[in-house]
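J.: So here's my_file06.pdb, just PDB, C-alpha atoms:
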ATOM      1  CA  MET P 545       0.000   0.000   0.000
ATOM      2  CA  GLU P 546       1.397   3.381  -1.008
ATOM      3  CA  LYS P 547       2.205   5.726   1.836
ATOM      4  CA  SER P 548       0.734   9.213   1.999
ATOM      5  CA  PHE P 549       0.084  11.997   4.470
ATOM      6  CA  LYS P 550      -3.406  13.039   5.458
ATOM      7  CA  GLN P 551      -4.490  16.471   4.297
ATOM      8  CA  SER P 552      -4.252  17.889   7.830
ATOM      9  CA  VAL P 553      -0.614  16.742   8.011
ATOM     10  CA  ILE P 554       0.165  18.222   4.581
ATOM     11  CA  GLU P 555      -1.229  21.587   5.630
ATOM     12  CA  SER P 556       0.917  21.593   8.770
ATOM     13  CA  LEU P 557       4.092  20.434   7.022
ATOM     14  CA  LYS P 558       4.045  23.126   4.309
ATOM     15  CA  TYR P 559       7.451  22.980   2.548
ATOM     16  CA  TYR P 560       9.856  20.534   4.138
ATOM     17  CA  VAL P 561      13.269  18.910   3.712
ATOM     18  CA  TYR P 562      13.503  15.132   3.991
ATOM     19  CA  ALA P 563      16.002  12.291   3.997
ATOM     20  CA  LEU P 564      15.686   8.788   2.574
ATOM     21  CA  VAL P 565      17.531   6.237   4.704
ATOM     22  CA  ASP P 566      18.737   2.770   3.741
ATOM     23  CA  PRO P 567      17.524   0.306   6.435
ATOM     24  CA  ARG P 568      20.474  -2.003   5.712
ATOM     25  CA  ASP P 569      22.994   0.374   7.262
ATOM     26  CA  ASN P 570      20.885   3.337   8.473
ATOM     27  CA  ARG P 571      22.704   5.706   6.155
ATOM     28  CA  ILE P 572      21.094   8.648   4.401
ATOM     29  CA  PHE P 573      21.245   8.086   0.651
ATOM     30  CA  TYR P 574      19.113  10.975  -0.584
ATOM     31  CA  VAL P 575      18.165  14.469   0.605
ATOM     32  CA  GLY P 576      15.354  16.422  -0.981
ATOM     33  CA  LYS P 577      12.750  19.118  -0.477
ATOM     34  CA  GLY P 578       9.081  19.241  -1.296
ATOM     35  CA  ILE P 579       5.500  19.638  -0.253
ATOM     36  CA  ALA P 580       2.581  17.258   0.255
ATOM     37  CA  ASN P 581       3.681  13.650  -0.448
ATOM     38  CA  ARG P 582       6.921  14.381  -2.259
ATOM     39  CA  VAL P 583       8.949  12.341   0.256
ATOM     40  CA  TYR P 584       7.117   9.150  -0.792
ATOM     41  CA  GLN P 585       7.110   9.682  -4.545
ATOM     42  CA  HIS P 586      10.635   8.333  -5.140
ATOM     43  CA  ALA P 587       9.712   4.889  -3.879
ATOM     44  CA  GLN P 588       6.557   4.924  -5.973
ATOM     45  CA  ALA P 589       8.571   5.937  -9.046
ATOM     46  CA  ALA P 590      11.034   3.086  -8.452
ATOM     47  CA  LEU P 591       8.162   0.605  -8.736
ATOM     48  CA  ALA P 592       6.241   2.278 -11.540
ATOM     49  CA  GLU P 593       9.056   3.384 -13.869
ATOM     50  CA  ASP P 594      11.927   1.757 -15.739
ATOM     51  CA  THR P 595      14.138   4.831 -15.336
ATOM     52  CA  GLN P 596      17.670   3.985 -14.193
ATOM     53  CA  SER P 597      19.338   6.111 -11.539
ATOM     54  CA  LEU P 598      21.439   5.444  -8.462
ATOM     55  CA  LYS P 599      18.617   6.688  -6.223
ATOM     56  CA  LEU P 600      15.890   4.558  -7.834
ATOM     57  CA  ASN P 601      18.148   1.506  -8.076
ATOM     58  CA  THR P 602      18.938   1.803  -4.363
ATOM     59  CA  ILE P 603      15.225   1.865  -3.574
ATOM     60  CA  ARG P 604      14.646  -1.174  -5.798
ATOM     61  CA  GLU P 605      17.447  -3.091  -4.060
ATOM     62  CA  ILE P 606      15.922  -2.333  -0.660
ATOM     63  CA  LYS P 607      12.459  -3.468  -1.754
ATOM     64  CA  SER P 608      13.828  -6.624  -3.414
ATOM     65  CA  LEU P 609      15.040  -7.705   0.038
ATOM     66  CA  GLY P 610      11.569  -7.260   1.482
ATOM     67  CA  MET P 611      12.613  -4.100   3.339
ATOM     68  CA  GLU P 612      11.294  -0.538   3.267
ATOM     69  CA  VAL P 613      13.010   2.812   2.876
ATOM     70  CA  LYS P 614      13.041   4.868   6.071
ATOM     71  CA  TYR P 615      11.702   8.415   5.787
ATOM     72  CA  TYR P 616      12.834  11.349   7.911
ATOM     73  CA  ILE P 617      11.556  14.927   7.841
ATOM     74  CA  ILE P 618      14.594  17.077   8.645
ATOM     75  CA  ARG P 619      12.794  20.435   8.825
ATOM     76  CA  HIS P 620       9.210  21.419   8.069
ATOM     77  CA  ASN P 621       6.884  24.423   8.173
ATOM     78  CA  LEU P 622       9.228  26.172   5.765
ATOM     79  CA  THR P 623       8.792  28.585   2.886
ATOM     80  CA  GLU P 624       9.999  27.401  -0.520
ATOM     81  CA  ASP P 625      13.133  29.561  -0.306
ATOM     82  CA  GLU P 626      13.871  28.255   3.189
ATOM     83  CA  SER P 627      13.537  24.676   1.966
ATOM     84  CA  TYR P 628      16.183  25.291  -0.713
ATOM     85  CA  LEU P 629      18.544  26.658   1.931
ATOM     86  CA  VAL P 630      18.073  23.794   4.399
ATOM     87  CA  GLU P 631      18.402  21.212   1.612
ATOM     88  CA  SER P 632      21.656  22.738   0.389
ATOM     89  CA  VAL P 633      23.159  22.800   3.897
ATOM     90  CA  ALA P 634      22.257  19.145   4.471
ATOM     91  CA  ILE P 635      23.714  18.070   1.117
ATOM     92  CA  ASP P 636      26.869  20.089   1.776
ATOM     93  CA  LEU P 637      27.418  18.445   5.155
ATOM     94  CA  LEU P 638      26.938  14.958   3.713
ATOM     95  CA  THR P 639      29.129  15.435   0.633
ATOM     96  CA  TYR P 640      31.880  17.905   1.570
ATOM     97  CA  PRO P 641      35.097  15.932   1.006
ATOM     98  CA  ALA P 642      36.890  17.212   4.109
ATOM     99  CA  PHE P 643      34.184  15.632   6.281
ATOM    100  CA  ASN P 644      33.207  12.648   4.136
ATOM    101  CA  LYS P 645      35.710  10.214   2.641
ATOM    102  CA  GLU P 646      33.080   8.941   0.246
ATOM    103  CA  ASN P 647      29.924  10.524  -1.099
ATOM    104  CA  GLN P 648      27.040   8.572   0.400
ATOM    105  CA  LEU P 649      24.283  10.456  -1.434
ATOM    106  CA  THR P 650      22.577   9.425  -4.650
ATOM    107  CA  ASN P 651      21.526  13.013  -5.401
ATOM    108  CA  ILE P 652      22.312  14.146  -8.937
ATOM    109  CA  VAL P 653      21.717  17.797  -8.093
ATOM    110  CA  SER P 654      24.265  19.465  -5.860
ATOM    111  CA  GLY P 655      23.180  21.766  -3.033
ATOM    112  CA  HIS P 656      21.868  25.095  -4.245
ATOM    113  CA  HIS P 657      24.495  27.834  -3.981
ATOM    114  CA  GLN P 658      26.970  25.175  -2.853
ATOM    115  CA  TRP P 659      29.918  26.714  -4.695
ATOM    116  CA  ASP P 660      29.099  30.220  -3.503
ATOM    117  CA  GLU P 661      27.387  30.165  -0.128
ATOM    118  CA  GLY P 662      28.229  26.549   0.725
ATOM    119  CA  ILE P 663      30.924  25.202   3.023
ATOM    120  CA  LYS P 664      34.207  27.091   2.755
ATOM    121  CA  THR P 665      37.434  27.299   4.720
ATOM    122  CA  ASP P 666      38.260  30.710   6.162
ATOM    123  CA  GLU P 667      40.905  31.142   3.441
ATOM    124  CA  GLU P 668      38.298  30.411   0.755
ATOM    125  CA  ILE P 669      35.884  32.918   2.317
ATOM    126  CA  ASN P 670      38.548  35.613   2.094
ATOM    127  CA  ILE P 671      39.262  34.693  -1.526
ATOM    128  CA  LEU P 672      35.571  34.700  -2.383
ATOM    129  CA  TYR P 673      34.793  38.128  -0.948
ATOM    130  CA  ASP P 674      38.111  39.883  -1.465
ATOM    131  CA  CYS P 675      38.687  38.876  -5.071
ATOM    132  CA  PRO P 676      41.737  39.944  -7.085
ATOM    133  CA  LYS P 677      41.333  41.099 -10.665
ATOM    134  CA  ILE P 678      41.681  38.386 -13.294
ATOM    135  CA  LYS P 679      45.079  38.147 -14.980
ATOM    136  CA  PRO P 680      44.484  36.378 -18.297
ATOM    137  CA  ASP P 681      47.279  34.261 -19.746
ATOM    138  CA  PRO P 682      47.948  35.582 -23.290
ATOM    139  CA  LYS P 683      47.898  31.993 -24.599
ATOM    140  CA  ASP P 684      44.384  31.300 -23.324
ATOM    141  CA  ARG P 685      41.159  31.954 -25.192
ATOM    142  CA  LEU P 686      38.433  32.412 -22.603
ATOM    143  CA  LEU P 687      34.670  32.299 -23.003
ATOM    144  CA  LEU P 688      32.993  34.108 -20.120
ATOM    145  CA  VAL P 689      29.386  33.019 -19.566
ATOM    146  CA  SER P 690      26.836  34.582 -17.257
ATOM    147  CA  LEU P 691      25.306  32.306 -14.627
ATOM    148  CA  ASN P 692      22.890  34.957 -13.391
ATOM    149  CA  ARG P 693      19.836  33.179 -14.827
ATOM    150  CA  THR P 694      20.792  29.674 -13.693
ATOM    151  CA  TYR P 695      22.414  30.366 -10.318
ATOM    152  CA  LYS P 696      19.207  30.715  -8.294
ATOM    153  CA  GLN P 697      17.573  27.451  -9.296
ATOM    154  CA  SER P 698      14.537  28.047  -7.087
ATOM    155  CA  LYS P 699      13.516  30.757  -9.560
ATOM    156  CA  SER P 700      14.896  29.289 -12.798
ATOM    157  CA  THR P 701      12.536  27.917 -15.419
ATOM    158  CA  GLY P 702      12.691  26.146 -18.804
ATOM    159  CA  GLU P 703      16.114  25.487 -20.246
ATOM    160  CA  SER P 704      17.687  27.523 -17.433
ATOM    161  CA  ARG P 705      16.963  24.695 -14.979
ATOM    162  CA  ARG P 706      20.265  22.850 -14.502
ATOM    163  CA  ILE P 707      21.486  20.079 -12.224
ATOM    164  CA  SER P 708      24.874  21.607 -11.409
ATOM    165  CA  ASP P 709      27.169  24.581 -11.907
ATOM    166  CA  TYR P 710      29.001  22.567 -14.573
ATOM    167  CA  GLU P 711      25.797  22.119 -16.572
ATOM    168  CA  SER P 712      24.975  25.801 -16.131
ATOM    169  CA  ALA P 713      28.338  26.932 -17.499
ATOM    170  CA  ARG P 714      28.793  24.550 -20.409
ATOM    171  CA  LYS P 715      25.555  25.172 -22.357
ATOM    172  CA  TYR P 716      23.707  26.528 -24.361
ATOM    173  CA  TRP P 717      25.665  29.376 -25.981
ATOM    174  CA  ALA P 718      24.995  31.188 -29.248
ATOM    175  CA  LEU P 719      28.304  31.858 -30.976
ATOM    176  CA  SER P 720      29.921  31.234 -34.327
ATOM    177  CA  HIS P 721      31.885  28.128 -35.300
ATOM    178  CA  GLU P 722      34.977  30.277 -35.706
ATOM    179  CA  LYS P 723      34.783  31.556 -32.142
ATOM    180  CA  ALA P 724      33.807  28.200 -30.685
ATOM    181  CA  ASP P 725      36.879  26.571 -32.241
ATOM    182  CA  LYS P 726      39.199  29.014 -30.449
ATOM    183  CA  ILE P 727      37.915  28.538 -26.918
ATOM    184  CA  ASN P 728      40.004  26.472 -24.524
ATOM    185  CA  TYR P 729      38.452  27.574 -21.213
ATOM    186  CA  ILE P 730      34.930  28.458 -20.100
ATOM    187  CA  LEU P 731      34.566  30.729 -17.091
ATOM    188  CA  GLY P 732      31.183  30.723 -15.349
ATOM    189  CA  ILE P 733      30.496  34.176 -13.926
ATOM    190  CA  TYR P 734      28.077  35.175 -11.182
ATOM    191  CA  LYS P 735      27.930  38.778  -9.984
ATOM    192  CA  GLY P 736      31.224  39.593 -11.683
ATOM    193  CA  ILE P 737      33.201  36.751 -10.067
ATOM    194  CA  VAL P 738      34.501  33.541 -11.680
ATOM    195  CA  ARG P 739      32.647  30.698  -9.958
ATOM    196  CA  ILE P 740      33.737  27.746 -12.111
ATOM    197  CA  VAL P 741      36.476  27.074 -14.670
ATOM    198  CA  ILE P 742      36.091  24.378 -17.324
ATOM    199  CA  LYS P 743      38.907  23.258 -19.625
ATOM    200  CA  VAL P 744      37.202  22.477 -22.926
ATOM    201  CA  THR P 745      37.710  19.007 -24.389
ATOM    202  CA  ASP P 746      34.844  18.831 -26.869
ATOM    203  CA  LYS P 747      31.813  20.686 -28.185
ATOM    204  CA  SER P 748      28.631  20.053 -30.133
ATOM    205  CA  LEU P 749      25.719  21.961 -31.616
ATOM    206  CA  CYS P 750      22.298  21.550 -30.048
ATOM    207  CA  ALA P 751      19.026  22.403 -31.745
ATOM    208  CA  VAL P 752      16.907  21.484 -28.724
ATOM    209  CA  ALA P 753      17.539  21.952 -24.999
ATOM    210  CA  ASP P 754      17.112  19.165 -22.452
ATOM    211  CA  ASP P 755      13.702  20.507 -21.458
ATOM    212  CA  GLY P 756      12.480  20.503 -25.076
ATOM    213  CA  THR P 757      13.059  24.170 -25.840
ATOM    214  CA  VAL P 758      13.740  24.542 -29.587
ATOM    215  CA  PHE P 759      16.361  27.147 -30.417
ATOM    216  CA  ARG P 760      15.888  29.462 -33.378
ATOM    217  CA  ARG P 761      19.475  28.657 -34.277
ATOM    218  CA  PRO P 762      21.540  25.764 -32.905
ATOM    219  CA  ARG P 763      23.638  26.607 -29.852
ATOM    220  CA  PHE P 764      26.911  25.194 -28.627
ATOM    221  CA  ALA P 765      27.247  22.850 -25.677
ATOM    222  CA  PHE P 766      30.789  22.243 -24.458
ATOM    223  CA  GLU P 767      32.306  19.375 -22.525
ATOM    224  CA  GLY P 768      35.401  19.505 -20.386
ATOM    225  CA  ASP P 769      37.125  19.134 -17.055
ATOM    226  CA  ILE P 770      36.418  21.291 -14.022
ATOM    227  CA  ILE P 771      39.676  22.952 -12.942
ATOM    228  CA  THR P 772      39.431  23.426  -9.185
ATOM    229  CA  ASP P 773      42.909  24.943  -8.815
ATOM    230  CA  SER P 774      42.696  27.366 -11.744
ATOM    231  CA  PRO P 775      44.235  30.814 -11.137
ATOM    232  CA  TYR P 776      41.074  32.222 -12.736
ATOM    233  CA  LEU P 777      38.772  30.839 -10.046
ATOM    234  CA  ASN P 778      37.252  33.467  -7.688
ATOM    235  CA  THR P 779      38.739  36.370  -9.637
ATOM    236  CA  ASP P 780      37.017  39.634 -10.480
ATOM    237  CA  VAL P 781      36.128  40.041 -14.183
ATOM    238  CA  SER P 782      34.286  43.351 -13.904
ATOM    239  CA  ASP P 783      36.759  44.840 -16.404
ATOM    240  CA  TYR P 784      35.156  42.568 -19.024
ATOM    241  CA  PRO P 785      31.434  43.381 -18.773
ATOM    242  CA  PHE P 786      28.808  41.400 -20.658
ATOM    243  CA  GLY P 787      26.948  44.454 -21.818
ATOM    244  CA  SER P 788      23.232  45.127 -21.565
ATOM    245  CA  GLY P 789      21.374  41.796 -21.643
ATOM    246  CA  GLY P 790      24.489  39.918 -22.756
ATOM    247  CA  ALA P 791      25.173  36.349 -21.648
ATOM    248  CA  ILE P 792      28.682  35.821 -23.070
ATOM    249  CA  THR P 793      31.877  37.733 -23.667
ATOM    250  CA  TYR P 794      35.474  36.862 -24.496
ATOM    251  CA  ILE P 795      39.065  37.367 -23.337
ATOM    252  CA  PRO P 796      41.020  38.598 -25.213
ATOM    253  CA  ARG P 797      38.388  40.383 -27.243
ATOM    254  CA  LYS P 798      40.647  41.384 -30.098
ATOM    255  CA  ASN P 799      41.476  37.772 -30.955
ATOM    256  CA  PHE P 800      37.853  36.704 -31.186
TER     257      PHE P 800
END
Go ahead and render the structure in this file as structure tokens.
T.:
Amino acid sequence: MEKSFKQSVIESLKYYVYALVDPRDNRIFYVGKGIANRVYQHAQAALAEDTQSLKLNTIREIKSLGMEVKYYIIRHNLTEDESYLVESVAIDLLTYPAFNKENQLTNIVSGHHQWDEGIKTDEEINILYDCPKIKPDPKDRLLLVSLNRTYKQSKSTGESRRISDYESARKYWALSHEKADKINYILGIYKGIVRIVIKVTDKSLCAVADDGTVFRRPRFAFEGDIITDSPYLNTDVSDYPFGSGGAITYIPRKNF
């Protein structure tokens, strides 16, 4: 029998953050947010769908042993914005490598704002909020992309909905083949600061976004490696503005 909350419980819960726990070892394997019966819908999806994911496969394994997922409500009576914040803190604490030798979560989506407002050392906090100006290497060809539309995922819609900062930075960008061929690094920018650096390894043209949005002209999606020790990370790029309504710009501009 499928689990569900009574209406009176739903009204009291409002938005909440929950954890799915594996009864075999009592470890949290998924953290999420939602309203109403969202906490139970993953288990229902595991039975009703053929979709493959680490989360759903874990649920199927548990049920195949005749056991049931354990459900915990971490915080409730929240606003939607508050639920995003609590979820991101919980995911950070369970995945931050300094505290966890292995990632025990099956979440695909990282905590919201995790690379900006998430866990940081004191040195990283100083770097983040006292940023030096970017010093481009003359050999590099940099594509700067605005993350302003995708950063706050609680308010993002359509093709702007992304599962990570990497996905936000790598696609979908309208530029010429000639310019795309020159790019060797993508810099994801939020509020004038470099938040992610990707070394480009491949690219492709996309006519349709993941959510089904059809582009008037095909746009580029890049693939590459996230460079966590790049000298460009957490630098100020305000000397290279995007312009009114612009989403991309280049360094050096003359060579593009």
J.: What is the CA of Arg763 in chain P-CA of Tyr734 in chain P distance in Å, reported with one decimal?
T.: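 Here the two named atoms are 21.0 Å from each other.
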J.: Could you please determine the separation between CA of Tyr560 in chain P and CA of Leu598 in chain P in Å, to one decimal place?
T.: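 Atom-to-atom, CA of Tyr560 in chain P to CA of Leu598 in chain P, that is 22.8 Å.
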J.: My list of candidates is P:Ser690, P:Ser597, P:Ser632, P:Ser552. Which is closest to Gly790 in chain P when distances are computed with all atoms listed in the file?
T.: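 Comparing P:Ser690, P:Ser597, P:Ser632, P:Ser552 against Gly790 in chain P, the winner is P:Ser690.
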J.: Pick from P:Ala713, P:Val630, P:Val758, P:Leu564: nearest to Val744 in chain P, with only C-alpha atoms counted?
T.: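 So, comparing all the options, the nearest one is P:Ala713.
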J.: Of the candidates P:His721, P:Arg739, P:Arg571, P:Lys577, which shows the shortest atom-to-atom distance to Thr623 in chain P, using all atoms listed in the file?
T.: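 Residue with the minimum atom-to-atom distance to Thr623 in chain P: P:Lys577.
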J.: Evaluate the PyMOL selection byres ((chain P and resi 747) around 12) and record the selected residues as a PyMOL selection string, following the chain and residue labels used in the document.
T.: chain P and resi 714-717+721+723-730+743-746+748-750+763-768
J.: For a test of reading the model, state the distance in Å between CA of Ala563 in chain P and CA of Ile618 in chain P, rounded to one decimal.
T.: 6.8 Å
J.: When the PyMOL selection byres ((chain P and resi 778) around 8) is applied to the file above, which residues end up in the set, as a PyMOL selection string?
T.: chain P and resi 671-672+675-676+737-739+776-777+779-780
J.: For each of P:Arg761, P:Lys677, P:Arg685, P:Arg619, take the minimum atom-to-atom distance to Val575 in chain P, counting all atoms listed in the file, then give the residue where this is smallest.
T.: P:Arg619
J.: When the PyMOL selection byres ((chain P and resi 579-583) around 10) is applied to the file above, which residues end up in the set, as a ChimeraX atom specification?
T.: /P:547-551,553-564,575-578,584-588,615-617,620-622,624,627
J.: Determine the nearest neighbour of Ile742 in chain P from the options P:Asp625, P:Asp769, P:Asp754, P:Glu722, counting all atoms listed in the file.
T.: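 Going through P:Asp625, P:Asp769, P:Asp754, P:Glu722 one by one, the smallest distance to Ile742 in chain P is for P:Asp769.
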J.: So that all listed atoms of range 605-609 of chain P fit with 5 Å spare on each side, what axis-aligned box centre and edge lengths in Å, to one decimal, would you give as JSON?
T.:
{"center_x": 15.0, "center_y": -5.0, "center_z": -2.0, "size_x": 15.0, "size_y": 15.4, "size_z": 14.1}
J.: Excluding Tyr784 in chain P and residues on its chain fewer than 4 positions from it, collect all residues at most 10 Å away from it, counting all atoms listed in the file, and give them as a CSV table (one decimal) with C-alpha atoms, keeping the file's coordinate frame.
T.:
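Contents of result.csv, freshly written:
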chain,number,residue,atom,x,y,z
P,678,ILE,CA,41.7,38.4,-13.3
P,688,LEU,CA,33.0,34.1,-20.1
P,736,GLY,CA,31.2,39.6,-11.7
P,780,ASP,CA,37.0,39.6,-10.5
P,793,THR,CA,31.9,37.7,-23.7
P,794,TYR,CA,35.5,36.9,-24.5
P,795,ILE,CA,39.1,37.4,-23.3
P,796,PRO,CA,41.0,38.6,-25.2
P,797,ARG,CA,38.4,40.4,-27.2
J.: Looking at all atoms listed in the file, which of P:Asp773, P:Glu612, P:Asp674, P:Asp709 is the one that sits closest to Val689 in chain P?
T.: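 Distance minimum relative to Val689 in chain P lands on P:Asp709.
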